[in-house]
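One file, structure34.cif, is given below (mmCIF, C-alpha atoms).
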data_final
loop_
_atom_site.label_atom_id
_atom_site.label_comp_id
_atom_site.auth_asym_id
_atom_site.auth_seq_id
_atom_site.Cartn_x
_atom_site.Cartn_y
_atom_site.Cartn_z
CA MET A 662 13.11 -11.60 10.09
CA MET A 663 10.36 -14.12 10.72
CA ASP A 664 9.89 -16.58 7.88
CA ARG A 665 6.24 -16.40 6.82
CA SER A 666 6.92 -17.67 3.30
CA LEU A 667 4.70 -20.72 3.79
CA ASP A 668 1.64 -18.74 4.92
CA THR A 669 -1.12 -19.29 2.38
CA LEU A 670 -3.49 -16.72 3.88
CA VAL A 671 -2.22 -13.13 3.80
CA GLY A 672 -3.79 -9.81 4.67
CA PHE A 673 -3.92 -6.41 3.00
CA ALA A 674 -4.53 -3.02 4.60
CA GLY A 675 -5.25 0.38 3.11
CA ASP A 676 -4.00 3.76 4.34
CA TRP A 677 -3.72 4.13 8.14
CA HIS A 678 -2.30 7.71 8.20
CA GLY A 679 -0.55 7.16 11.52
CA ASN A 680 -3.86 6.47 13.28
CA SER A 681 -2.86 4.56 16.41
CA SER A 682 -6.44 3.94 17.51
CA TRP A 683 -7.29 2.28 14.21
CA ALA A 684 -4.11 0.18 14.20
CA ALA A 685 -4.85 -1.03 17.72
CA MET A 686 -8.20 -2.38 16.52
CA THR A 687 -7.26 -3.66 13.08
CA ILE A 688 -4.22 -5.76 13.94
CA PRO A 689 -6.18 -7.96 16.39
CA ALA A 690 -8.98 -8.16 13.78
CA LEU A 691 -6.48 -9.39 11.20
CA ARG A 692 -5.20 -12.03 13.59
CA ARG A 693 -8.76 -13.17 14.32
CA ALA A 694 -9.14 -13.59 10.56
CA GLY A 695 -6.11 -15.91 10.54
CA VAL A 696 -3.56 -13.42 9.18
CA ARG A 697 0.08 -13.51 10.26
CA THR A 698 1.49 -11.76 7.16
CA LEU A 699 0.13 -8.30 6.36
CA PHE A 700 0.87 -6.23 3.28
CA HIS A 701 0.18 -2.53 3.83
CA VAL A 702 -0.36 -0.39 0.71
CA GLY A 703 1.03 2.89 2.02
CA ASP A 704 0.35 6.16 3.80
CA PHE A 705 1.22 3.98 6.73
CA GLY A 706 2.29 6.70 9.16
CA ILE A 707 6.05 7.26 8.98
CA TRP A 708 6.42 10.84 10.22
CA PRO A 709 9.31 12.94 11.56
CA GLY A 710 9.78 13.50 15.26
CA ASP A 711 7.09 11.15 16.57
CA ALA A 712 7.50 7.39 16.92
CA SER A 713 4.32 6.81 18.93
CA PHE A 714 2.40 5.33 15.99
CA ILE A 715 5.21 2.95 15.08
CA ASP A 716 5.52 1.94 18.74
CA THR A 717 1.78 1.25 18.88
CA VAL A 718 1.81 -0.83 15.71
CA GLU A 719 4.85 -2.76 16.89
CA TYR A 720 3.18 -3.52 20.23
CA TRP A 721 0.04 -4.90 18.61
CA ALA A 722 1.94 -6.72 15.85
CA LYS A 723 4.12 -8.43 18.47
CA THR A 724 1.09 -9.27 20.60
CA ALA A 725 -0.81 -10.71 17.63
CA ASP A 726 2.29 -12.34 16.04
CA VAL A 727 1.77 -10.45 12.78
CA THR A 728 4.57 -9.33 10.45
CA ILE A 729 3.82 -6.18 8.45
CA TRP A 730 5.36 -5.38 5.06
CA VAL A 731 4.81 -1.77 4.01
CA THR A 732 4.76 -0.44 0.45
CA PRO A 733 5.39 3.26 1.27
CA GLY A 734 2.82 5.82 0.14
CA ASN A 735 3.19 9.50 -0.66
CA HIS A 736 2.45 11.02 2.76
CA GLU A 737 5.48 9.46 4.44
CA ASP A 738 8.79 10.87 5.72
CA TYR A 739 11.03 9.92 2.80
CA ASP A 740 14.13 11.37 4.45
CA GLN A 741 13.70 8.75 7.16
CA ILE A 742 12.82 6.05 4.61
CA ASP A 743 15.81 6.85 2.38
CA GLU A 744 18.14 6.63 5.37
CA LEU A 745 16.80 3.17 6.22
CA PHE A 746 17.57 2.00 2.67
CA THR A 747 21.09 3.52 2.60
CA THR A 748 23.10 0.37 3.17
CA LYS A 749 20.91 -2.09 1.25
CA PRO A 750 18.71 -0.13 -1.18
CA ASP A 751 17.35 -3.24 -2.90
CA ALA A 752 16.32 -5.18 0.22
CA PRO A 753 13.52 -4.70 2.76
CA ALA A 754 14.43 -2.27 5.54
CA GLN A 755 13.50 -3.00 9.14
CA LEU A 756 11.50 -0.27 10.85
CA SER A 757 10.88 -2.34 14.01
CA ASP A 758 10.89 -6.01 15.01
CA HIS A 759 7.63 -6.70 13.15
CA ILE A 760 7.51 -3.89 10.56
CA TRP A 761 9.48 -3.90 7.31
CA LEU A 762 9.55 -1.41 4.42
CA LEU A 763 9.68 -2.63 0.82
CA PRO A 764 11.88 -0.79 -1.70
CA ARG A 765 10.47 0.17 -5.08
CA GLY A 766 10.62 -2.73 -7.48
CA TYR A 767 11.15 -5.38 -4.82
CA ARG A 768 10.06 -8.90 -5.81
CA TRP A 769 9.47 -11.98 -3.71
CA SER A 770 7.55 -15.26 -3.69
CA GLN A 771 5.16 -16.65 -1.12
CA SER A 772 3.42 -20.00 -1.25
CA GLY A 773 4.02 -20.30 -4.97
CA ARG A 774 2.77 -16.78 -5.85
CA SER A 775 5.00 -14.00 -7.18
CA PHE A 776 4.74 -10.48 -5.76
CA VAL A 777 6.15 -7.08 -6.70
CA SER A 778 5.90 -3.77 -4.83
CA LEU A 779 6.06 -0.22 -6.23
CA GLY A 780 5.46 2.49 -3.64
CA GLY A 781 5.07 6.23 -3.90
CA ALA A 782 2.58 8.60 -5.51
CA ALA A 783 2.45 12.29 -6.40
CA SER A 784 0.49 14.31 -3.82
CA ILE A 785 -2.23 16.41 -5.38
CA ASP A 786 -2.15 18.62 -2.26
CA TYR A 787 1.61 19.26 -2.29
CA ARG A 788 1.10 23.04 -2.46
CA ASP A 789 -0.58 22.92 0.96
CA ARG A 790 2.31 21.04 2.57
CA THR A 791 5.74 21.99 3.93
CA PRO A 792 8.80 20.44 2.25
CA GLY A 793 10.75 18.27 4.67
CA ARG A 794 7.98 18.35 7.27
CA SER A 795 4.76 17.20 5.61
CA TRP A 796 5.83 16.72 1.96
CA TRP A 797 8.86 15.07 0.38
CA ILE A 798 9.71 15.27 -3.30
CA GLN A 799 10.99 11.68 -3.12
CA GLU A 800 7.33 10.63 -3.10
CA GLN A 801 7.37 10.87 -6.89
CA ILE A 802 7.49 7.67 -8.90
CA LEU A 803 10.28 7.89 -11.47
CA PRO A 804 10.76 6.12 -14.82
CA SER A 805 13.77 4.40 -13.24
CA ASP A 806 11.45 2.95 -10.58
CA VAL A 807 9.24 1.52 -13.30
CA GLU A 808 12.24 0.07 -15.13
CA ARG A 809 13.42 -1.63 -11.94
CA THR A 810 9.94 -2.91 -11.14
CA THR A 811 9.27 -4.37 -14.58
CA ARG A 812 12.71 -5.89 -15.06
CA GLY A 813 11.52 -9.29 -13.82
CA GLY A 814 8.49 -9.44 -16.14
CA ARG A 815 5.03 -10.50 -15.02
CA ALA A 816 3.99 -11.23 -11.45
CA ASP A 817 0.85 -12.65 -9.90
CA ILE A 818 0.29 -9.80 -7.45
CA LEU A 819 1.22 -6.12 -7.81
CA ILE A 820 1.10 -3.90 -4.72
CA THR A 821 1.20 -0.14 -5.24
CA HIS A 822 0.07 2.95 -3.39
CA GLU A 823 -1.09 4.82 -6.49
CA ALA A 824 -3.87 3.47 -8.72
CA PRO A 825 -3.56 2.61 -12.42
CA LEU A 826 -5.50 4.68 -14.94
CA GLU A 827 -7.70 1.68 -15.69
CA GLY A 828 -8.97 0.56 -12.31
CA THR A 829 -12.05 0.69 -10.11
CA GLU A 830 -15.06 2.87 -10.86
CA ALA A 831 -14.82 4.53 -7.44
CA VAL A 832 -11.37 5.90 -8.29
CA ALA A 833 -12.38 6.73 -11.86
CA GLY A 834 -15.30 8.77 -10.54
CA ILE A 835 -13.02 10.91 -8.37
CA ARG A 836 -10.65 11.52 -11.26
CA ARG A 837 -13.54 12.38 -13.56
CA THR A 838 -15.35 14.81 -11.27
CA ASN A 839 -12.49 16.29 -9.19
CA PRO A 840 -14.90 16.90 -6.26
CA GLN A 841 -12.38 18.96 -4.27
CA GLY A 842 -11.68 21.27 -7.20
CA TRP A 843 -7.94 20.77 -7.44
CA PRO A 844 -6.29 23.10 -10.00
CA ALA A 845 -5.13 21.71 -13.34
CA GLU A 846 -1.45 22.04 -12.42
CA THR A 847 -1.68 19.82 -9.34
CA VAL A 848 -3.96 17.36 -11.17
CA ALA A 849 -1.29 17.04 -13.87
CA TYR A 850 1.41 16.53 -11.24
CA ALA A 851 -0.59 13.72 -9.64
CA ARG A 852 -1.39 12.13 -13.00
CA SER A 853 2.31 11.69 -13.77
CA GLY A 854 2.54 8.99 -11.11
CA GLN A 855 -0.69 7.36 -12.27
CA GLU A 856 0.69 7.05 -15.78
CA LEU A 857 3.90 5.42 -14.54
CA ILE A 858 1.96 2.94 -12.40
CA THR A 859 -0.12 2.10 -15.48
CA THR A 860 3.03 1.51 -17.53
CA ALA A 861 4.36 -0.85 -14.86
CA ALA A 862 1.06 -2.76 -14.64
CA GLU A 863 0.89 -3.18 -18.41
CA VAL A 864 4.25 -4.98 -18.35
CA ILE A 865 3.73 -6.96 -15.14
CA LYS A 866 0.21 -8.07 -16.11
CA PRO A 867 -0.76 -9.01 -12.55
CA ALA A 868 -3.69 -11.29 -11.90
CA LEU A 869 -4.39 -9.07 -8.90
CA HIS A 870 -3.44 -5.41 -8.35
CA VAL A 871 -3.97 -3.90 -4.87
CA HIS A 872 -3.58 -0.18 -4.10
CA GLY A 873 -4.62 2.53 -1.66
CA HIS A 874 -4.20 6.34 -1.85
CA TRP A 875 -7.67 7.30 -3.09
CA HIS A 876 -9.71 6.31 -0.01
CA ALA A 877 -12.23 4.84 -2.43
CA PRO A 878 -12.91 1.17 -1.59
CA ASP A 879 -14.00 -0.79 -4.63
CA GLU A 880 -13.10 -3.74 -6.84
CA VAL A 881 -13.28 -4.62 -10.50
CA GLN A 882 -12.52 -7.60 -12.72
CA PHE A 883 -11.69 -7.03 -16.37
CA HIS A 884 -12.42 -9.27 -19.35
CA ASP A 885 -8.87 -10.68 -19.27
CA GLY A 886 -9.37 -11.81 -15.67
CA ARG A 887 -7.24 -9.06 -14.10
CA ARG A 888 -8.62 -7.80 -10.80
CA VAL A 889 -7.99 -4.41 -9.19
CA TYR A 890 -8.80 -3.64 -5.55
CA SER A 891 -8.78 -0.08 -4.19
CA MET A 892 -8.54 -0.12 -0.40
CA GLY A 893 -10.39 2.10 2.05
CA MET A 894 -8.59 4.25 4.63
CA ASP A 895 -8.58 4.17 8.44
CA PHE A 896 -12.10 4.08 9.91
CA GLN A 897 -13.50 3.47 6.42
CA ALA A 898 -15.15 0.30 5.16
CA HIS A 899 -12.97 -2.18 3.29
CA ASN A 900 -9.69 -1.09 4.84
CA LEU A 901 -8.79 -4.73 5.48
CA ALA A 902 -8.91 -7.88 3.36
CA THR A 903 -7.53 -11.39 3.16
CA LEU A 904 -6.19 -13.25 0.16
CA ASP A 905 -5.94 -17.04 -0.02
CA LEU A 906 -2.87 -17.76 -2.12
CA ASN A 907 -4.09 -21.28 -2.91
CA ASP A 908 -7.07 -20.17 -4.99
CA MET A 909 -6.55 -16.36 -5.06
CA GLN A 910 -9.83 -15.82 -3.23
CA TRP A 911 -10.18 -12.27 -1.91
CA ASN A 912 -12.37 -11.44 1.08
CA TRP A 913 -13.01 -8.06 2.66
CA ILE A 914 -12.74 -8.32 6.45
CA SER A 915 -15.85 -7.43 8.38
CA ASP A 916 -15.31 -7.57 12.13
CA ARG A 917 -17.92 -6.25 14.57
CA LYS A 918 -15.20 -5.31 17.07
CA LEU A 919 -13.95 -2.65 14.65
CA GLY A 920 -17.08 -0.64 15.43
CA PRO A 921 -18.81 1.72 13.00
CA VAL A 922 -16.94 2.63 9.82
CA ARG A 923 -17.69 5.17 7.13
#
Have the structure of the file written as structure tokens, please.
Amino acid sequence: MMDRSLDTLVGFAGDWHGNSSWAAMTIPALRRAGVRTLFHVGDFGIWPGDASFIDTVEYWAKTADVTIWVTPGNHEDYDQIDELFTTKPDAPAQLSDHIWLLPRGYRWSQSGRSFVSLGGAASIDYRDRTPGRSWWIQEQILPSDVERTTRGGRADILITHEAPLEGTEAVAGIRRTNPQGWPAETVAYARSGQELITTAAEVIKPALHVHGHWHAPDEVQFHDGRRVYSMGMDFQAHNLATLDLNDMQWNWISDRKLGPVR
């Protein structure tokens, strides 16, 4: 494992969904922005039977000298992920030389800032997916995950895949209007994870909470100073950002070499 603990500039990336073309453009863009440590907020692209995406990411991460730490999402192969965590369930698991997966509730420090990761989310489209092939019940966030995550108290930065109930307006608008017309049963299933993320955030009280999942790039700062950032997805604006750990300055990455984004 490469020691990047002294890096004061870190990067964040939203959902990539196994999109090799996007990864091949974004990793060099991150390096041009000065990033060597990248935190990915899930729906990374861990799928059964096809390692081509991981191979592509590893190639570009090695070329750019970037280490990637993944907070797993919901659309990931959790059978594969669980196997990686078998021997050391409470420590990061190595997916490749430059890609590591973070277990739920994992805490660490970097350049004087405290971090905690809580992956997973409940898929609102689970009825349209095949168990063990495109949907895994282990995606669900459990109360035991929240207990493990909050055990250490507050942290400066919380990384999740799912969004808290009180977050950005872009996410709130999707929840409010349900534009895809999901039935009440699947909405309730998805909300269970949102409530647990909210419970964790209320205890951790992060200065900065970063998440993906909703493909709704936005940001908000609340009266108590807490900031929430919802990341865009692959080929969407605001999929990448940097954070300066010295002053906690957040900047969305805009790189002309990424081409047109939605």
Residues of range 683-730 of chain A at most 12 Å from range 778-782 of chain A: nearest atom pair and distance in Å, all atoms listed in the file, as CSV:
residue,atom,partner,partner_atom,distance
A:Phe700,CA,A:Ser778,CA,9.9
A:His701,CA,A:Gly780,CA,10.4
A:Val702,CA,A:Gly780,CA,7.8
A:Gly703,CA,A:Gly780,CA,7.2
A:Asp704,CA,A:Gly781,CA,9.0
A:Phe705,CA,A:Gly780,CA,11.3
A:Trp730,CA,A:Ser778,CA,10.0
Axis-aligned box over every listed atom of range 669-681 of chain A, padded by 8 Å per side: centre and edges in Å to one decimal, as lines of an AutoDock Vina configuration file?
center_x = -2.9
center_y = -5.8
center_z = 9.4
size_x = 20.7
size_y = 43.0
size_z = 30.0
- request: Might you spell out which residues the PyMOL selection byres ((chain A and resi 788-797) around 7) would select in the displayed file, as JSON, numbers by chain?
  value: {"A": [736, 738, 739, 786, 787, 798, 799, 800]}
message: Can you tell me which residues surround Gly854 in chain A at a distance of at most 7 Å, considering only C-alpha atoms, apart from same-chain residues fewer than 4 positions away, and format the answer as an MDAnalysis selection string?
response: chainID A and resid 782:783 801:802 858
Sorted by chain and rising residue number, which residues of range 689-776 of chain A lie within 7 Å of range 806-811 of chain A, and what are their closest atom pairs and distances in Å to one decimal, counting all atoms listed in the file, as a Markdown table?
| residue | atom | partner | partner_atom | distance |
| --- | --- | --- | --- | --- |
| A:Arg765 | CA | A:Asp806 | CA | 6.2 |
| A:Gly766 | CA | A:Thr810 | CA | 3.7 |
| A:Tyr767 | CA | A:Thr810 | CA | 6.9 |
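Considering only C-alpha atoms, the residue among A:Ala824, A:Trp875, A:Ala712, A:Pro867 positioned nearest to Asn839 in chain A is A:Trp875.
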- request: Please identify all polymer residues lying at most 9 Å from the point (-7.6, 2.3, 9.0) (file coordinates), using only C-alpha atoms, and present the result as a ChimeraX atom specification.
  value: /A:674-680,682-684,686-687,893-898,900-901
task: May I ask which of the residues A:Gly672, A:Gly710, A:Pro878, A:Gly773 is the closest one to Ala694 in chain A, counting all atoms listed in the file?
output: A:Gly672
- prompt: Quick one: residues within 10 Å of Lys723 in chain A, all atoms listed in the file counted, chain neighbours fewer than 5 positions away excluded, as a list in words?
  reply: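 Final neighbour list, sorted by chain and number: Ile688, Thr717, Val718, Thr728, Asp758, His759 and Ile760 of chain A.
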Write out, as a JSON list (two decimals), in the frame of the given file, the residues just selected, with C-alpha atoms.
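See out00.json below for the written result:
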[["chain", "number", "residue", "atom", "x", "y", "z"],
["A", 688, "ILE", "CA", -4.22, -5.76, 13.94],
["A", 717, "THR", "CA", 1.78, 1.25, 18.88],
["A", 718, "VAL", "CA", 1.81, -0.83, 15.71],
["A", 728, "THR", "CA", 4.57, -9.33, 10.45],
["A", 758, "ASP", "CA", 10.89, -6.01, 15.01],
["A", 759, "HIS", "CA", 7.63, -6.70, 13.15],
["A", 760, "ILE", "CA", 7.51, -3.89, 10.56]]
task: Work out how far CA of Gly814 in chain A is from CA of Leu745 in chain A, in Å to one decimal.
output: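 Going from CA of Leu745 in chain A over to CA of Gly814 in chain A covers 27.0 Å.
When you apply the PyMOL selection byres ((chain A and resi 907) around 10) to this structure, what comes back is A:Thr669, A:Leu670, A:Ser772, A:Gly773, A:Arg774, A:Leu904, A:Asp905, A:Leu906, A:Asp908, A:Met909, A:Gln910.
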- request: Taking the file as shown, find all residues satisfying the PyMOL selection byres ((chain A and resi 757) around 10) and write them as a ChimeraX atom specification.
  value: /A:715-716,718-720,729,754-756,758-762
Identify, on the basis of all atoms listed in the file, every residue whose closest approach to Ser915 in chain A does not exceed 12 Å; exclude the query and any residue fewer than 2 positions from it along the same chain; express the result as a compact mmCIF listing (two decimals) with C-alpha atoms, in the coordinates of the input.
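So around_0.txt came out as:
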# COMPACT_ATOMS: atom_id res chain seq x y z
CA THR A 687 -7.26 -3.66 13.08
CA ALA A 690 -8.98 -8.16 13.78
CA LEU A 691 -6.48 -9.39 11.20
CA ARG A 693 -8.76 -13.17 14.32
CA ALA A 694 -9.14 -13.59 10.56
CA GLN A 897 -13.50 3.47 6.42
CA ALA A 898 -15.15 0.30 5.16
CA HIS A 899 -12.97 -2.18 3.29
CA ASN A 900 -9.69 -1.09 4.84
CA LEU A 901 -8.79 -4.73 5.48
CA ALA A 902 -8.91 -7.88 3.36
CA THR A 903 -7.53 -11.39 3.16
CA ASN A 912 -12.37 -11.44 1.08
CA TRP A 913 -13.01 -8.06 2.66
CA ARG A 917 -17.92 -6.25 14.57
CA LYS A 918 -15.20 -5.31 17.07
CA LEU A 919 -13.95 -2.65 14.65
CA GLY A 920 -17.08 -0.64 15.43
CA PRO A 921 -18.81 1.72 13.00
CA VAL A 922 -16.94 2.63 9.82
task: Kindly indicate which residue among A:Ser805, A:Thr747, A:Thr859, A:Thr821 lies nearest to Val777 in chain A, using only C-alpha atoms for the distances.
output: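 The answer is A:Thr821, which sits nearest to Val777 in chain A.
With all atoms listed in the file as the atoms that count, the minimum distance from Phe714 in chain A to the choices A:Val696, A:Ser681, A:His876, A:Trp843 is reached by A:Ser681.
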